[in-house]
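Visitor: The following block contains the structure, expressed as structure tokens.
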Amino acid sequence: MIIIKVFTVFLIIILGIVIRKKNLISSITINEVSIIITKVFYPALIFSSFLKNFNSNEIIKNYLLPLGTILIMTVGYIYGIFISKFLKFKNEKEKNTFRFQCTINNYSFLPLPIILLLYGEKYGSFLILSTFGSEISVWTIGILSLTGNRLKKESFKDILSVPMISIILSVIFIFLRDFINIQNTKIIEIGNSILNTISLVGNATIPIALFIAGAKMGEIKFKNILNFNSLILSLFRLVIIPLTSIYLFYIFSFPEEIRRVLNIVAIMPTAIASIVLSEAFGSDSEFAAQTVLLTHLLSLITIPFFLYIFR
């Protein structure tokens, strides 16, 4: 049953791959839709999910969610630096990309539908809250990896992406809502109508994001993905880093509700955004593309396996 649920998510990705391979969608369209997802649909999902499922006390209570994703990324960062010392790379660019792929994984668009299928909307909101830590990790230790451990001031500006701003505004709005405690029924009715509209827009995020993710993977050439470095990366990203992270959650006594979400984040493959980021920061985007495709293919085996153990 778990395998079937997970595979339905990957079917949308596969559809995107097929559509791109047949040139029914262009690279320009993929990039434009990616921007729309990041700046419109996903922020709408963040805002509606937070307001529907959280109050101020619950946000404070669940502070371990963003800390947990920072822990996952930090474990990957440490492993990436250590393992890269023992591997041979074509150049420093490939080594930096290897470290990034160990550090940052697919922390939002792939785990979100899986969590919604398995646990429901409340846990989807937990995941979105956890991305606060993921975004911080991307633009700190993630960029450190890509740039050979050289962090620039400009990197900190990128932390304030539209999704991150949406998270911050949602949290502020929730605290204001709880503090003011509006009783007027007309104001509440208008607010709920606006929230339902935002929610409708946000609900489009998952299928569109998965389809576009597949379309991006459809641009990757299948040849040369099975090389020693990419296989070692897959082993660490899909098995060793998740096992280490899950063990640490247990050792640090993370609550079960929080562990359910963080465990799923930990077992995800490399981030599709790594292809664009590698290009932007002068690293090896070809190696990034190869490992994105390979880890997503292998995750069809590892994700159901881990989920079976969790259940």
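Ordering of the structure tokens sets the chain letters (A, B, ...); residue numbers start at 1 within each chain; ligands are numbered from 1 in the order shown.
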DSSP says helix (DSSP H, G or I) for which residues of stretch 208-260 of chain A? Put them as a ChimeraX atom specification?
Guide: /A:208-217,228-251,256-260
Visitor: Excluding same-chain residues fewer than 5 positions from stretch 205-215 of chain A, what lies within 10 Å of it counting only C-alpha atoms, as a ChimeraX atom specification?
Guide: /A:9-21,23-27,29-31,33-34,36-38,40-45,108-110,112-113,200,220,271-273,293
Visitor: List the neighbours of A:Thr97 out to 10 Å using only C-alpha atoms; skip same-chain residues closer than 4 positions along the sequence, and give me the result as number ranges by chain.
Guide: A: 80, 92-93, 101-103, 142-143, 145-148, 274-275, 277-278, 281-288, 291
Visitor: Could you check which of A:Ile232, A:Ile128, A:Ile4, A:Leu51 is closest to A:Met164, using only C-alpha atoms?
Guide: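 Of the candidates, the smallest distance to A:Met164 is held by A:Ile128.
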Visitor: Identify, on the basis of only C-alpha atoms, every residue whose closest approach to A:Gly68 does not exceed 10 Å; exclude the query and any residue fewer than 6 positions from it along the same chain; express the result as number ranges by chain.
Guide: A: 74, 130-131, 133-134, 245-246, 248-249, 254, 258-259, 261-263, 265-266
Visitor: Once you have the residues from the selection above, write them out as a tab-separated table (two decimals), in the first residue's frame, restricted to all heavy atoms.
Guide:
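So out_39.tsv came out as:
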chain	number	residue	atom	x	y	z
A	74	THR	N	23.12	19.60	8.17
A	74	THR	CA	24.45	19.66	8.78
A	74	THR	C	25.13	18.30	8.74
A	74	THR	O	26.34	18.21	8.47
A	74	THR	CB	24.36	20.17	10.23
A	74	THR	OG1	23.71	21.45	10.24
A	74	THR	CG2	25.73	20.30	10.86
A	130	SER	N	9.00	23.20	8.83
A	130	SER	CA	10.37	22.69	8.86
A	130	SER	C	11.24	23.31	7.77
A	130	SER	O	12.46	23.38	7.91
A	130	SER	CB	10.38	21.16	8.71
A	130	SER	OG	10.18	20.76	7.36
A	131	THR	N	10.61	23.76	6.67
A	131	THR	CA	11.40	24.34	5.57
A	131	THR	C	12.06	25.66	5.95
A	131	THR	O	12.96	26.13	5.24
A	131	THR	CB	10.54	24.56	4.30
A	131	THR	OG1	9.49	25.50	4.58
A	131	THR	CG2	9.92	23.26	3.82
A	133	GLY	N	14.02	26.00	8.45
A	133	GLY	CA	15.40	25.57	8.68
A	133	GLY	C	16.10	25.14	7.41
A	133	GLY	O	17.30	25.39	7.24
A	134	SER	N	15.34	24.53	6.49
A	134	SER	CA	15.92	24.08	5.22
A	134	SER	C	16.42	25.25	4.38
A	134	SER	O	17.51	25.21	3.81
A	134	SER	CB	14.89	23.26	4.42
A	134	SER	OG	14.42	22.17	5.16
A	245	SER	N	20.75	10.73	10.62
A	245	SER	CA	19.82	11.77	11.07
A	245	SER	C	18.70	11.17	11.93
A	245	SER	O	18.36	11.70	13.00
A	245	SER	CB	19.21	12.49	9.86
A	245	SER	OG	20.21	13.09	9.07
A	246	ILE	N	18.13	10.07	11.46
A	246	ILE	CA	17.04	9.41	12.19
A	246	ILE	C	17.53	8.95	13.57
A	246	ILE	O	16.81	9.06	14.57
A	246	ILE	CB	16.50	8.22	11.36
A	246	ILE	CG1	15.77	8.76	10.12
A	246	ILE	CG2	15.55	7.36	12.20
A	246	ILE	CD1	15.50	7.70	9.06
A	248	LEU	N	19.92	10.35	15.32
A	248	LEU	CA	20.08	11.54	16.15
A	248	LEU	C	18.74	12.05	16.67
A	248	LEU	O	18.65	12.51	17.81
A	248	LEU	CB	20.80	12.63	15.35
A	248	LEU	CG	22.28	12.38	15.05
A	248	LEU	CD1	22.83	13.46	14.13
A	248	LEU	CD2	23.10	12.31	16.34
A	249	PHE	N	17.68	11.97	15.84
A	249	PHE	CA	16.35	12.37	16.31
A	249	PHE	C	15.93	11.51	17.49
A	249	PHE	O	15.29	12.00	18.43
A	249	PHE	CB	15.31	12.25	15.18
A	249	PHE	CG	15.57	13.12	13.99
A	249	PHE	CD1	15.23	12.70	12.71
A	249	PHE	CD2	16.16	14.36	14.13
A	249	PHE	CE1	15.47	13.49	11.61
A	249	PHE	CE2	16.40	15.18	13.03
A	249	PHE	CZ	16.05	14.73	11.76
A	254	PHE	N	13.37	13.58	20.04
A	254	PHE	CA	12.38	14.37	19.30
A	254	PHE	C	11.01	13.71	19.46
A	254	PHE	O	10.91	12.48	19.38
A	254	PHE	CB	12.75	14.45	17.82
A	254	PHE	CG	13.77	15.49	17.48
A	254	PHE	CD1	15.00	15.54	18.14
A	254	PHE	CD2	13.52	16.43	16.50
A	254	PHE	CE1	15.94	16.51	17.83
A	254	PHE	CE2	14.45	17.40	16.16
A	254	PHE	CZ	15.66	17.44	16.84
A	258	ILE	N	6.87	14.97	15.37
A	258	ILE	CA	7.92	15.71	14.66
A	258	ILE	C	8.84	14.75	13.91
A	258	ILE	O	9.25	15.00	12.78
A	258	ILE	CB	8.71	16.60	15.64
A	258	ILE	CG1	7.81	17.76	16.09
A	258	ILE	CG2	10.00	17.11	15.03
A	258	ILE	CD1	8.40	18.65	17.14
A	259	ARG	N	9.14	13.62	14.54
A	259	ARG	CA	10.00	12.62	13.89
A	259	ARG	C	9.37	12.06	12.62
A	259	ARG	O	10.07	11.75	11.66
A	259	ARG	CB	10.34	11.49	14.85
A	259	ARG	CG	11.49	11.82	15.79
A	259	ARG	CD	12.02	10.60	16.53
A	259	ARG	NE	11.13	10.20	17.61
A	259	ARG	CZ	10.53	9.03	17.68
A	259	ARG	NH1	10.71	8.12	16.74
A	259	ARG	NH2	9.76	8.73	18.71
A	261	VAL	N	7.65	13.59	10.39
A	261	VAL	CA	7.93	14.53	9.30
A	261	VAL	C	9.42	14.55	8.95
A	261	VAL	O	9.80	14.43	7.79
A	261	VAL	CB	7.44	15.95	9.68
A	261	VAL	CG1	7.87	16.97	8.62
A	261	VAL	CG2	5.93	15.96	9.84
A	262	LEU	N	10.26	14.70	9.96
A	262	LEU	CA	11.70	14.82	9.74
A	262	LEU	C	12.30	13.55	9.15
A	262	LEU	O	13.22	13.61	8.33
A	262	LEU	CB	12.41	15.19	11.04
A	262	LEU	CG	12.07	16.56	11.63
A	262	LEU	CD1	12.79	16.76	12.96
A	262	LEU	CD2	12.44	17.68	10.64
A	263	ASN	N	11.78	12.39	9.54
A	263	ASN	CA	12.26	11.14	8.97
A	263	ASN	C	12.04	11.09	7.47
A	263	ASN	O	12.90	10.63	6.71
A	263	ASN	CB	11.57	9.94	9.63
A	263	ASN	CG	12.05	9.68	11.05
A	263	ASN	OD1	13.03	10.27	11.50
A	263	ASN	ND2	11.36	8.81	11.76
A	265	VAL	N	11.68	13.75	5.47
A	265	VAL	CA	12.59	14.73	4.86
A	265	VAL	C	13.99	14.12	4.70
A	265	VAL	O	14.64	14.27	3.67
A	265	VAL	CB	12.68	16.02	5.70
A	265	VAL	CG1	13.72	16.98	5.11
A	265	VAL	CG2	11.32	16.71	5.75
A	266	ALA	N	14.43	13.40	5.71
A	266	ALA	CA	15.79	12.84	5.72
A	266	ALA	C	16.03	11.84	4.61
A	266	ALA	O	17.15	11.71	4.11
A	266	ALA	CB	16.08	12.19	7.08
Visitor: Mind pulling up the distance from atom CA of A:Ser299 to atom CA of A:Leu87?
Guide: 23.0 Å
Visitor: Tell me, as a short mmCIF file (atom, residue, chain, number, x, y, z; two decimals) with N, CA, C and O atoms, in the first residue's frame, which residues lie within 9 Å of A:Ile115, counting only C-alpha atoms; anything in the same chain fewer than 3 positions away does not count.
Guide:
data_model
loop_
_atom_site.label_atom_id
_atom_site.label_comp_id
_atom_site.auth_asym_id
_atom_site.auth_seq_id
_atom_site.Cartn_x
_atom_site.Cartn_y
_atom_site.Cartn_z
N PRO A 111 8.64 15.52 -0.60
CA PRO A 111 8.09 14.96 0.64
C PRO A 111 6.67 15.43 0.95
O PRO A 111 5.92 14.71 1.62
N LEU A 112 6.29 16.62 0.45
CA LEU A 112 4.97 17.17 0.79
C LEU A 112 3.82 16.25 0.38
O LEU A 112 2.98 15.90 1.22
N LEU A 118 0.15 10.11 3.54
CA LEU A 118 0.31 9.20 4.67
C LEU A 118 -0.32 9.72 5.96
O LEU A 118 -0.89 8.95 6.73
N TYR A 119 -0.20 11.06 6.21
CA TYR A 119 -0.56 11.58 7.52
C TYR A 119 -1.61 12.70 7.51
O TYR A 119 -2.15 13.03 8.56
N GLY A 120 -1.86 13.32 6.36
CA GLY A 120 -2.88 14.36 6.31
C GLY A 120 -2.35 15.78 6.32
O GLY A 120 -1.15 16.02 6.43
N GLU A 121 -3.27 16.75 6.26
CA GLU A 121 -2.93 18.16 6.05
C GLU A 121 -2.13 18.75 7.21
O GLU A 121 -1.24 19.57 7.00
N TYR A 123 0.12 17.44 9.06
CA TYR A 123 1.54 17.09 8.94
C TYR A 123 2.18 17.79 7.74
O TYR A 123 3.38 18.05 7.75
N GLY A 124 1.36 18.10 6.72
CA GLY A 124 1.86 18.91 5.61
C GLY A 124 2.29 20.28 6.09
O GLY A 124 3.30 20.83 5.65
N LEU A 127 5.58 20.05 7.79
CA LEU A 127 6.68 20.04 6.82
C LEU A 127 7.03 21.46 6.39
O LEU A 127 8.20 21.83 6.32
N ARG A 260 8.05 11.92 12.61
CA ARG A 260 7.37 11.42 11.40
C ARG A 260 7.70 12.29 10.19
O ARG A 260 7.97 11.79 9.11
N VAL A 261 7.65 13.59 10.39
CA VAL A 261 7.93 14.53 9.30
C VAL A 261 9.42 14.55 8.95
O VAL A 261 9.80 14.43 7.79
N ILE A 264 10.88 11.58 7.04
CA ILE A 264 10.58 11.58 5.60
C ILE A 264 11.45 12.59 4.87
O ILE A 264 11.94 12.32 3.77
#
Visitor: Quick one: distance from atom CA of A:Arg177 to atom CA of A:Phe132 in Å, one decimal?
Guide: 20.8 Å
Visitor: Could you check the closest approach to A:Gly76 for each of A:Thr244, A:Gln183, A:Asn203, A:Gln290 and tell me which residue wins, using only C-alpha atoms?
Guide: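 Checking each of A:Thr244, A:Gln183, A:Asn203, A:Gln290 against A:Gly76, counting only C-alpha atoms, the winner is A:Thr244.
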Visitor: Work out how far apart atom CA of A:Leu117 and atom CA of A:Pro163 are and give it in Å to one decimal.
Guide: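 Distance reported for this atom pair: 22.5 Å.
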